[in-house]
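Each remark here refers to the structure printed beneath this line.
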Amino acid sequence: MTQFSTDLHDLTVAELLACFRLRKVSAVEAAQHFLARAKTHKNLGAFLDLSEDVTLAQACAADARLSSGTAGALEGLPIAHKDIFVTRDFATTAGSRMLAGYRSPFDATVVQRLAKAGAVTLGKLNCDEFAMGSSNKNSAFGSVKNPWDMSCVPGGSSGGSAAAVAARLTPAATGTDTGGSIRQPSSFCGVTGIKPTYGRASRYGMVAFASSLDQAGVMARTAQDCALLLSCMCGPDPLRDSTSLDVPAEDFSVRLNDGIEGLRIGVPIEFFGEGLAPDVRTVIDAALKQFESLGAKLVPISLPRTELSIPVYYIIAPAEASSNLNRFDGVKFGHRAKNYTDLEDMYLTTRAQGFGAEVKRRIMIGTYVLSHGYYDAYYLQAQKIRRMIADDFQQAFKQCDVIAGPVAPTVAWRLDGHNNDPLADYLADIFTLPASLAGLPGMSVPAGFGVGSMPVGLQLIGNYLDESRLLNVAHRFQLVTDWHTARPSSVNNYQLNSN
Ligand code: GLN
């Protein structure tokens, strides 16, 4: 084994790719290293499925392409996927009993594109059931732990992805964001995450939660790494996702180093109200100062309907979920009850057994707000306000180039926190929901530590299709700060038997 045998996992995506190209380390060696780490860190609960043979075969093929000079942009890169993306070679559960052991006959477009660029799949990552949640406690396969403090949640719903990247079990991971599920766990686990503009990456093969909001994205340790991955993931998919944008794939790395002198950063007053914990506020204030010292200008702005994003989202998302989850009827795929009296009883029993409490709650809320007599009062009204929220952003972008603020009101809460009250979780989504409802791109960038030495992420929101600017702003910040390089002490608790 090479000199990298023990610290391979500390390399960024960019560094790892350079090592592969220079043949300092092989894709197989890297795959073995990360698989071993996944196994020694099982107690984090991040991985749901590993398939060593598949991973090593992919790595072997990558090595062959590296040797023959036909390497793709991500050749050999180990990556793990949120278990919401369907995969042919690994089980796909979406964190639900309903899909336990389910195998898809095809790969999601995002998975396919990353594989085409040479990425090697390490396995599938735990998440809240059907991506519904903010703590990863809604997974049917157990909670994921936050590597910074094992008694805390990693955030959700892409909690497995964030925890795995933070604990260096994978250099990068895919995630999905419907109302904050990439940004919030990134913030809680101290990693960099980006959700692009709605429609940038194909939804084909993403187990559907709320189709008008669901968006694939990526988590890694740096903005540079996110740019590399996102460039390979995005692009139109007209035959398979009718909402994918007709905008050509873009190299998100080209503008990374642009200067940010004169950049106008909008700071929404509504993101700094009473609900924001003082420790988080201190970190965000310091990050904003840092931007000023880089030559950016802070502009106070207002997003007046921020508070309404909670009721609006928690009407629209369950409405769409109640319809999307119709397909889990015990007939087409997934779980089917063993004992039932007739067809209707089969549906009922299957769904009663297969879905967890949060999913059932949302199906009931969703069905209610769509039902005759309530549709106008709730669903239609929510859609109208959703449009106004999007308009507020467009007003704001007349005054600024990007928007910055906290990702979440607090640092990660304890696993037994929030009194198991779903409403408390919903309320904590307040700063991520607005950009999701508007379909705007958003990021979380490690910006410091708050109470209990837990990570705090700075949220950056850009206008439509302005991902490369977001990544540029985050990259410039990471050139002068080292929050993104901090590592949880649990990372090296388990020494590998170096071979
Ligand atoms: N926390 C939000 C919810 O529970 C967002 C989840 C997501 O983005 N997938 O719905």
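By order in the structure tokens, chains are A, B, ...; within a chain, residues start at 1; ligands start at 1, following the order shown.
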
Problem set entry | At most 6 Å from ligand 1 (only C-alpha atoms and all ligand atoms): residue list as a ChimeraX atom specification | /A:131-134,157,177-181,429

Exercise. As number ranges by chain, which residues of segment 190-377 of chain A does DSSP assign to alpha helix (DSSP H)?
Worked result: A: 223-233, 278-293, 309-324, 343-354, 357-370

Problem set entry | Within 10 Å of Ala216 of chain A using only C-alpha atoms, minus same-chain residues under 3 positions, as a PyMOL selection string | chain A and resi 82+84-85+110+174-178+181-182+194-203+206+230+233-234

Residue subset to file, keeping N, CA and C atoms, as an mmCIF file, in the first residue's frame:
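Now in out.cif:
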```
data_model
loop_
_atom_site.group_PDB
_atom_site.id
_atom_site.type_symbol
_atom_site.label_atom_id
_atom_site.label_comp_id
_atom_site.auth_asym_id
_atom_site.auth_seq_id
_atom_site.Cartn_x
_atom_site.Cartn_y
_atom_site.Cartn_z
ATOM 1 N N LYS A 82 -27.330 8.799 -1.202
ATOM 2 C CA LYS A 82 -28.494 8.793 -0.320
ATOM 3 C C LYS A 82 -29.433 7.695 -0.802
ATOM 4 N N ILE A 84 -32.254 7.399 -1.376
ATOM 5 C CA ILE A 84 -33.472 7.832 -2.058
ATOM 6 C C ILE A 84 -33.274 7.686 -3.570
ATOM 7 N N PHE A 85 -32.016 7.545 -3.981
ATOM 8 C CA PHE A 85 -31.691 7.321 -5.394
ATOM 9 C C PHE A 85 -31.747 5.826 -5.664
ATOM 10 N N VAL A 110 -28.937 10.598 -11.854
ATOM 11 C CA VAL A 110 -27.794 11.190 -11.139
ATOM 12 C C VAL A 110 -26.725 10.125 -10.880
ATOM 13 N N THR A 174 -24.142 12.001 -2.413
ATOM 14 C CA THR A 174 -25.295 12.695 -2.966
ATOM 15 C C THR A 174 -26.315 12.905 -1.853
ATOM 16 N N GLY A 175 -27.181 13.865 -2.082
ATOM 17 C CA GLY A 175 -28.279 14.114 -1.155
ATOM 18 C C GLY A 175 -29.451 14.642 -1.947
ATOM 19 N N THR A 176 -30.587 14.790 -1.294
ATOM 20 C CA THR A 176 -31.693 15.485 -1.941
ATOM 21 C C THR A 176 -32.244 16.504 -0.965
ATOM 22 N N ASP A 177 -32.806 17.548 -1.536
ATOM 23 C CA ASP A 177 -33.274 18.674 -0.739
ATOM 24 C C ASP A 177 -34.668 19.027 -1.237
ATOM 25 N N THR A 178 -35.640 18.875 -0.355
ATOM 26 C CA THR A 178 -37.022 19.214 -0.686
ATOM 27 C C THR A 178 -37.401 20.487 0.060
ATOM 28 N N SER A 181 -33.033 19.508 3.104
ATOM 29 C CA SER A 181 -32.381 18.251 3.483
ATOM 30 C C SER A 181 -30.929 18.080 3.051
ATOM 31 N N ILE A 182 -30.396 19.000 2.262
ATOM 32 C CA ILE A 182 -28.959 18.985 2.018
ATOM 33 C C ILE A 182 -28.306 20.037 2.912
ATOM 34 N N ILE A 194 -24.578 21.582 -1.428
ATOM 35 C CA ILE A 194 -25.305 22.473 -2.344
ATOM 36 C C ILE A 194 -26.509 21.779 -2.953
ATOM 37 N N LYS A 195 -27.607 22.516 -2.952
ATOM 38 C CA LYS A 195 -28.824 22.116 -3.662
ATOM 39 C C LYS A 195 -28.924 23.083 -4.832
ATOM 40 N N PRO A 196 -28.855 22.565 -6.061
ATOM 41 C CA PRO A 196 -28.933 23.481 -7.195
ATOM 42 C C PRO A 196 -30.356 23.969 -7.440
ATOM 43 N N THR A 197 -30.516 24.809 -8.436
ATOM 44 C CA THR A 197 -31.829 25.295 -8.859
ATOM 45 C C THR A 197 -32.749 24.103 -9.144
ATOM 46 N N TYR A 198 -34.020 24.224 -8.779
ATOM 47 C CA TYR A 198 -34.965 23.151 -9.072
ATOM 48 C C TYR A 198 -34.940 22.854 -10.581
ATOM 49 N N GLY A 199 -34.765 21.583 -10.901
ATOM 50 C CA GLY A 199 -34.761 21.196 -12.316
ATOM 51 C C GLY A 199 -33.377 21.048 -12.924
ATOM 52 N N ARG A 200 -32.350 21.467 -12.197
ATOM 53 C CA ARG A 200 -30.972 21.377 -12.718
ATOM 54 C C ARG A 200 -30.509 19.929 -12.860
ATOM 55 N N ALA A 201 -30.857 19.130 -11.853
ATOM 56 C CA ALA A 201 -30.458 17.717 -11.888
ATOM 57 C C ALA A 201 -31.733 16.888 -12.023
ATOM 58 N N SER A 202 -31.640 15.835 -12.770
ATOM 59 C CA SER A 202 -32.817 15.022 -13.066
ATOM 60 C C SER A 202 -33.382 14.359 -11.803
ATOM 61 N N ARG A 203 -34.719 14.298 -11.727
ATOM 62 C CA ARG A 203 -35.365 13.587 -10.615
ATOM 63 C C ARG A 203 -35.624 12.129 -10.959
ATOM 64 N N MET A 206 -35.242 9.202 -8.442
ATOM 65 C CA MET A 206 -35.249 9.658 -7.045
ATOM 66 C C MET A 206 -36.616 9.274 -6.494
ATOM 67 N N LEU A 230 -21.010 18.411 -8.983
ATOM 68 C CA LEU A 230 -22.243 18.981 -9.528
ATOM 69 C C LEU A 230 -22.146 19.114 -11.048
ATOM 70 N N MET A 233 -23.245 15.951 -12.454
ATOM 71 C CA MET A 233 -24.600 15.486 -12.115
ATOM 72 C C MET A 233 -25.706 16.170 -12.900
ATOM 73 N N CYS A 234 -25.474 17.454 -13.225
ATOM 74 C CA CYS A 234 -26.568 18.277 -13.753
ATOM 75 C C CYS A 234 -26.715 18.149 -15.258
#
```

Exercise. Restricting the calculation to only C-alpha atoms, which member of A:Leu343, A:Ala438, A:Ala59, A:Ala117 is positioned closest to Asp392 of chain A?
Worked result: A:Ala438

Problem set entry | Shell around Asp128 of chain A at 10 Å using only C-alpha atoms, local window under 3 positions removed, as number ranges by chain | A: 83-84, 94-96, 131-144, 155-160, 181, 358-359

Problem set entry | One-decimal distance in Å that lies between atom CA of Leu213 of chain A and atom CA of Arg387 of chain A | 13.2 Å

Problem set entry | Using only C-alpha atoms: which of A:Leu22, A:Tyr347, A:Val312, A:Thr92 has the shortest distance to Tyr379 of chain A | A:Val312

For this session: Find, counting only C-alpha atoms, the residue in A:Leu228, A:Met219, A:Ala321, A:Cys189 that gets nearest to Glu75 of chain A.
Result: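 Result for the nearest residue to Glu75 of chain A: A:Leu228.
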
For this session: Please indicate the distance in Å from atom CA of Gln459 of chain A to atom CA of Asp258 of chain A, rounded to one decimal place.
Result: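 Interatomic distance here is 19.7 Å.
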
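Taking only C-alpha atoms into account, Asn146 of chain A lies nearest to A:Ala166 out of the set A:Ala166, A:Leu239, A:Ala173, A:Ala73.
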
Problem set entry | Closest of A:Pro147, A:Gly123, A:Gly417, A:Gly205 to Leu44 of chain A - atom-to-atom distances counting only C-alpha atoms |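 Going through A:Pro147, A:Gly123, A:Gly417, A:Gly205 one by one, the smallest distance to Leu44 of chain A is for A:Pro147.
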
Exercise. Nearest to Gln395 of chain A: which of A:Val254, A:Lys297, A:Pro268, A:His335 is it, counting only C-alpha atoms?
Worked result: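 The closest residue to Gln395 of chain A is A:Pro268.
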
Exercise. In Å, with one decimal, what is the gap from atom CA of Leu470 of chain A to atom CA of Lys384 of chain A?
Worked result: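 Between atom CA of Leu470 of chain A and atom CA of Lys384 of chain A the gap works out to 28.0 Å.
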
Do you know which residues are at most 8 Å from Cys226 of chain A counting only C-alpha atoms, after dropping those on the same chain fewer than 5 positions away, and could you put them as a CSV table (one decimal) with all heavy atoms, in the first residue's frame?
```csv
chain,number,residue,atom,x,y,z
A,192,THR,N,-19.8,20.8,3.5
A,192,THR,CA,-20.3,21.8,2.5
A,192,THR,C,-21.3,21.1,1.6
A,192,THR,O,-21.1,20.0,1.1
A,192,THR,CB,-19.1,22.3,1.6
A,192,THR,OG1,-18.1,22.8,2.5
A,192,THR,CG2,-19.5,23.4,0.7
A,193,GLY,N,-22.5,21.7,1.4
A,193,GLY,CA,-23.5,21.0,0.7
A,193,GLY,C,-24.2,22.0,-0.3
A,193,GLY,O,-24.4,23.2,0.1
A,194,ILE,N,-24.6,21.6,-1.4
A,194,ILE,CA,-25.3,22.5,-2.3
A,194,ILE,C,-26.5,21.8,-3.0
A,194,ILE,O,-26.4,20.6,-3.4
A,194,ILE,CB,-24.4,23.0,-3.5
A,194,ILE,CG1,-25.2,24.0,-4.4
A,194,ILE,CG2,-23.7,21.9,-4.3
A,194,ILE,CD1,-24.3,24.9,-5.3
A,218,VAL,N,-25.4,17.7,-3.8
A,218,VAL,CA,-24.2,17.0,-3.3
A,218,VAL,C,-23.6,17.6,-2.1
A,218,VAL,O,-23.8,18.8,-1.8
A,218,VAL,CB,-23.1,17.0,-4.5
A,218,VAL,CG1,-22.6,18.4,-4.8
A,218,VAL,CG2,-22.0,16.0,-4.2
A,219,MET,N,-22.9,16.7,-1.3
A,219,MET,CA,-22.2,17.1,-0.1
A,219,MET,C,-20.8,16.6,-0.1
A,219,MET,O,-20.6,15.5,-0.5
A,219,MET,CB,-22.9,16.5,1.1
A,219,MET,CG,-24.3,17.2,1.4
A,219,MET,SD,-25.5,16.0,1.9
A,219,MET,CE,-25.6,16.4,3.6
A,220,ALA,N,-19.9,17.5,0.3
A,220,ALA,CA,-18.5,17.1,0.3
A,220,ALA,C,-17.8,18.0,1.3
A,220,ALA,O,-18.5,18.7,2.1
A,220,ALA,CB,-17.8,17.3,-1.1
A,221,ARG,N,-16.5,18.1,1.4
A,221,ARG,CA,-15.9,18.9,2.4
A,221,ARG,C,-15.7,20.4,1.9
A,221,ARG,O,-15.6,21.3,2.7
A,221,ARG,CB,-14.7,18.3,3.0
A,221,ARG,CG,-15.0,16.9,3.6
A,221,ARG,CD,-14.1,16.6,4.8
A,221,ARG,NE,-12.8,16.7,4.5
A,221,ARG,CZ,-12.1,15.6,3.9
A,221,ARG,NH1,-12.8,14.5,3.6
A,221,ARG,NH2,-10.8,15.7,3.6
A,471,LEU,N,-20.9,28.8,-5.6
A,471,LEU,CA,-19.7,28.0,-5.3
A,471,LEU,C,-18.5,28.9,-5.3
A,471,LEU,O,-17.6,28.7,-4.4
A,471,LEU,CB,-19.6,27.0,-6.4
A,471,LEU,CG,-20.7,25.9,-6.3
A,471,LEU,CD1,-20.9,25.1,-7.6
A,471,LEU,CD2,-20.3,24.9,-5.1
```

For this session: Among the residues of segment 335-491 of chain A, find those DSSP assigns to strand (DSSP E) from the backbone and print them as an MDAnalysis selection string.
Result: chainID A and resid 402:406 442:449 455:462

Could the residues in this selection be written to a file with all heavy atoms, as a compact mmCIF listing (two decimals), in the first residue's frame?
```txt
# COMPACT_ATOMS: atom_id res chain seq x y z
N VAL A 402 -26.15 37.75 -3.95
CA VAL A 402 -26.45 36.52 -3.22
C VAL A 402 -27.05 36.91 -1.87
O VAL A 402 -26.94 38.05 -1.44
CB VAL A 402 -25.19 35.63 -2.95
CG1 VAL A 402 -24.56 35.15 -4.24
CG2 VAL A 402 -24.18 36.35 -2.09
N ILE A 403 -27.68 35.93 -1.24
CA ILE A 403 -28.29 36.17 0.08
C ILE A 403 -27.56 35.28 1.08
O ILE A 403 -27.21 34.14 0.75
CB ILE A 403 -29.80 35.84 0.03
CG1 ILE A 403 -30.51 36.85 -0.88
CG2 ILE A 403 -30.41 35.82 1.42
CD1 ILE A 403 -31.96 36.52 -1.20
N ALA A 404 -27.29 35.82 2.26
CA ALA A 404 -26.58 35.01 3.26
C ALA A 404 -27.29 35.08 4.60
O ALA A 404 -27.89 36.10 4.95
CB ALA A 404 -25.14 35.49 3.42
N GLY A 405 -27.22 33.99 5.34
CA GLY A 405 -27.85 33.95 6.67
C GLY A 405 -27.59 32.59 7.28
O GLY A 405 -26.83 31.78 6.73
N PRO A 406 -28.24 32.30 8.38
CA PRO A 406 -28.08 30.98 8.99
C PRO A 406 -28.82 29.91 8.18
O PRO A 406 -29.76 30.23 7.46
CB PRO A 406 -28.73 31.14 10.37
CG PRO A 406 -29.70 32.27 10.19
CD PRO A 406 -29.13 33.18 9.15
N GLY A 442 -29.24 26.77 -3.17
CA GLY A 442 -28.79 27.15 -1.84
C GLY A 442 -27.64 26.27 -1.38
O GLY A 442 -27.49 25.14 -1.84
N MET A 443 -26.85 26.82 -0.48
CA MET A 443 -25.68 26.09 0.02
C MET A 443 -25.58 26.20 1.52
O MET A 443 -26.09 27.13 2.11
CB MET A 443 -24.39 26.74 -0.51
CG MET A 443 -23.99 26.34 -1.88
SD MET A 443 -22.30 26.89 -2.22
CE MET A 443 -21.35 25.55 -1.50
N SER A 444 -24.85 25.26 2.09
CA SER A 444 -24.41 25.44 3.48
C SER A 444 -22.89 25.34 3.48
O SER A 444 -22.32 24.42 2.90
CB SER A 444 -25.01 24.37 4.39
OG SER A 444 -24.48 24.52 5.70
N VAL A 445 -22.26 26.31 4.14
CA VAL A 445 -20.81 26.37 4.18
C VAL A 445 -20.36 26.40 5.63
O VAL A 445 -20.85 27.24 6.40
CB VAL A 445 -20.32 27.66 3.47
CG1 VAL A 445 -18.81 27.67 3.35
CG2 VAL A 445 -20.97 27.81 2.11
N PRO A 446 -19.47 25.50 6.05
CA PRO A 446 -19.04 25.50 7.46
C PRO A 446 -18.49 26.87 7.84
O PRO A 446 -17.64 27.42 7.13
CB PRO A 446 -17.93 24.44 7.48
CG PRO A 446 -18.21 23.55 6.31
CD PRO A 446 -18.82 24.43 5.26
N ALA A 447 -19.00 27.43 8.96
CA ALA A 447 -18.63 28.80 9.31
C ALA A 447 -18.16 28.94 10.75
O ALA A 447 -17.79 30.03 11.18
CB ALA A 447 -19.80 29.73 9.05
N GLY A 448 -18.18 27.84 11.51
CA GLY A 448 -17.72 27.96 12.89
C GLY A 448 -18.43 26.94 13.76
O GLY A 448 -19.05 26.00 13.26
N PHE A 449 -18.32 27.17 15.07
CA PHE A 449 -18.91 26.23 16.02
C PHE A 449 -19.72 26.99 17.06
O PHE A 449 -19.36 28.08 17.46
CB PHE A 449 -17.81 25.40 16.69
CG PHE A 449 -17.12 24.48 15.70
CD1 PHE A 449 -16.04 24.92 14.95
CD2 PHE A 449 -17.62 23.21 15.48
CE1 PHE A 449 -15.45 24.10 14.01
CE2 PHE A 449 -17.04 22.37 14.55
CZ PHE A 449 -15.95 22.82 13.81
N PRO A 455 -20.97 22.14 14.92
CA PRO A 455 -20.79 22.97 13.72
C PRO A 455 -21.98 23.86 13.40
O PRO A 455 -23.12 23.52 13.70
CB PRO A 455 -20.62 21.94 12.60
CG PRO A 455 -20.40 20.62 13.24
CD PRO A 455 -20.97 20.70 14.61
N VAL A 456 -21.67 24.98 12.76
CA VAL A 456 -22.69 25.92 12.29
C VAL A 456 -22.42 26.21 10.83
O VAL A 456 -21.29 26.52 10.45
CB VAL A 456 -22.64 27.24 13.09
CG1 VAL A 456 -23.62 28.27 12.49
CG2 VAL A 456 -22.95 27.02 14.56
N GLY A 457 -23.44 26.11 10.01
CA GLY A 457 -23.29 26.40 8.59
C GLY A 457 -23.86 27.76 8.23
O GLY A 457 -24.87 28.19 8.79
N LEU A 458 -23.18 28.42 7.30
CA LEU A 458 -23.68 29.66 6.74
C LEU A 458 -24.47 29.31 5.49
O LEU A 458 -24.00 28.55 4.65
CB LEU A 458 -22.50 30.56 6.34
CG LEU A 458 -22.85 31.80 5.52
CD1 LEU A 458 -23.37 32.90 6.44
CD2 LEU A 458 -21.64 32.31 4.73
N GLN A 459 -25.68 29.85 5.40
CA GLN A 459 -26.46 29.57 4.19
C GLN A 459 -26.21 30.65 3.14
O GLN A 459 -26.20 31.84 3.44
CB GLN A 459 -27.96 29.51 4.51
CG GLN A 459 -28.79 29.19 3.27
CD GLN A 459 -30.26 28.92 3.53
OE1 GLN A 459 -30.91 28.19 2.81
NE2 GLN A 459 -30.80 29.50 4.58
N LEU A 460 -26.00 30.21 1.91
CA LEU A 460 -25.90 31.14 0.78
C LEU A 460 -27.02 30.77 -0.19
O LEU A 460 -27.18 29.59 -0.52
CB LEU A 460 -24.55 30.99 0.07
CG LEU A 460 -23.30 31.37 0.88
CD1 LEU A 460 -22.04 30.97 0.11
CD2 LEU A 460 -23.29 32.87 1.18
N ILE A 461 -27.79 31.75 -0.60
CA ILE A 461 -28.87 31.50 -1.56
C ILE A 461 -28.59 32.34 -2.80
O ILE A 461 -28.26 33.53 -2.69
CB ILE A 461 -30.24 31.90 -0.96
CG1 ILE A 461 -30.52 31.09 0.32
CG2 ILE A 461 -31.37 31.68 -1.97
CD1 ILE A 461 -31.73 31.58 1.11
N GLY A 462 -28.71 31.74 -3.96
CA GLY A 462 -28.44 32.47 -5.21
C GLY A 462 -29.70 32.58 -6.04
O GLY A 462 -30.72 31.94 -5.76
```

Can you tell me, as a PDB file with N, CA and C atoms, in the first residue's frame, what residues are no more than 10 Å from Glu274 of chain A when counting only C-alpha atoms, ignoring any on the same chain fewer than 4 positions away?
```
ATOM      1  N   GLU A 270     -35.345  39.032   8.448  1.00  0.00           N
ATOM      2  CA  GLU A 270     -36.200  37.981   9.022  1.00  0.00           C
ATOM      3  C   GLU A 270     -35.406  36.753   9.454  1.00  0.00           C
ATOM      4  N   PRO A 278     -28.341  32.571  20.001  1.00  0.00           N
ATOM      5  CA  PRO A 278     -27.225  33.524  20.051  1.00  0.00           C
ATOM      6  C   PRO A 278     -25.905  32.932  19.567  1.00  0.00           C
ATOM      7  N   PRO A 409     -31.872  27.599  12.912  1.00  0.00           N
ATOM      8  CA  PRO A 409     -31.863  28.489  14.081  1.00  0.00           C
ATOM      9  C   PRO A 409     -30.907  28.038  15.192  1.00  0.00           C
TER      10      PRO A 409
END
```
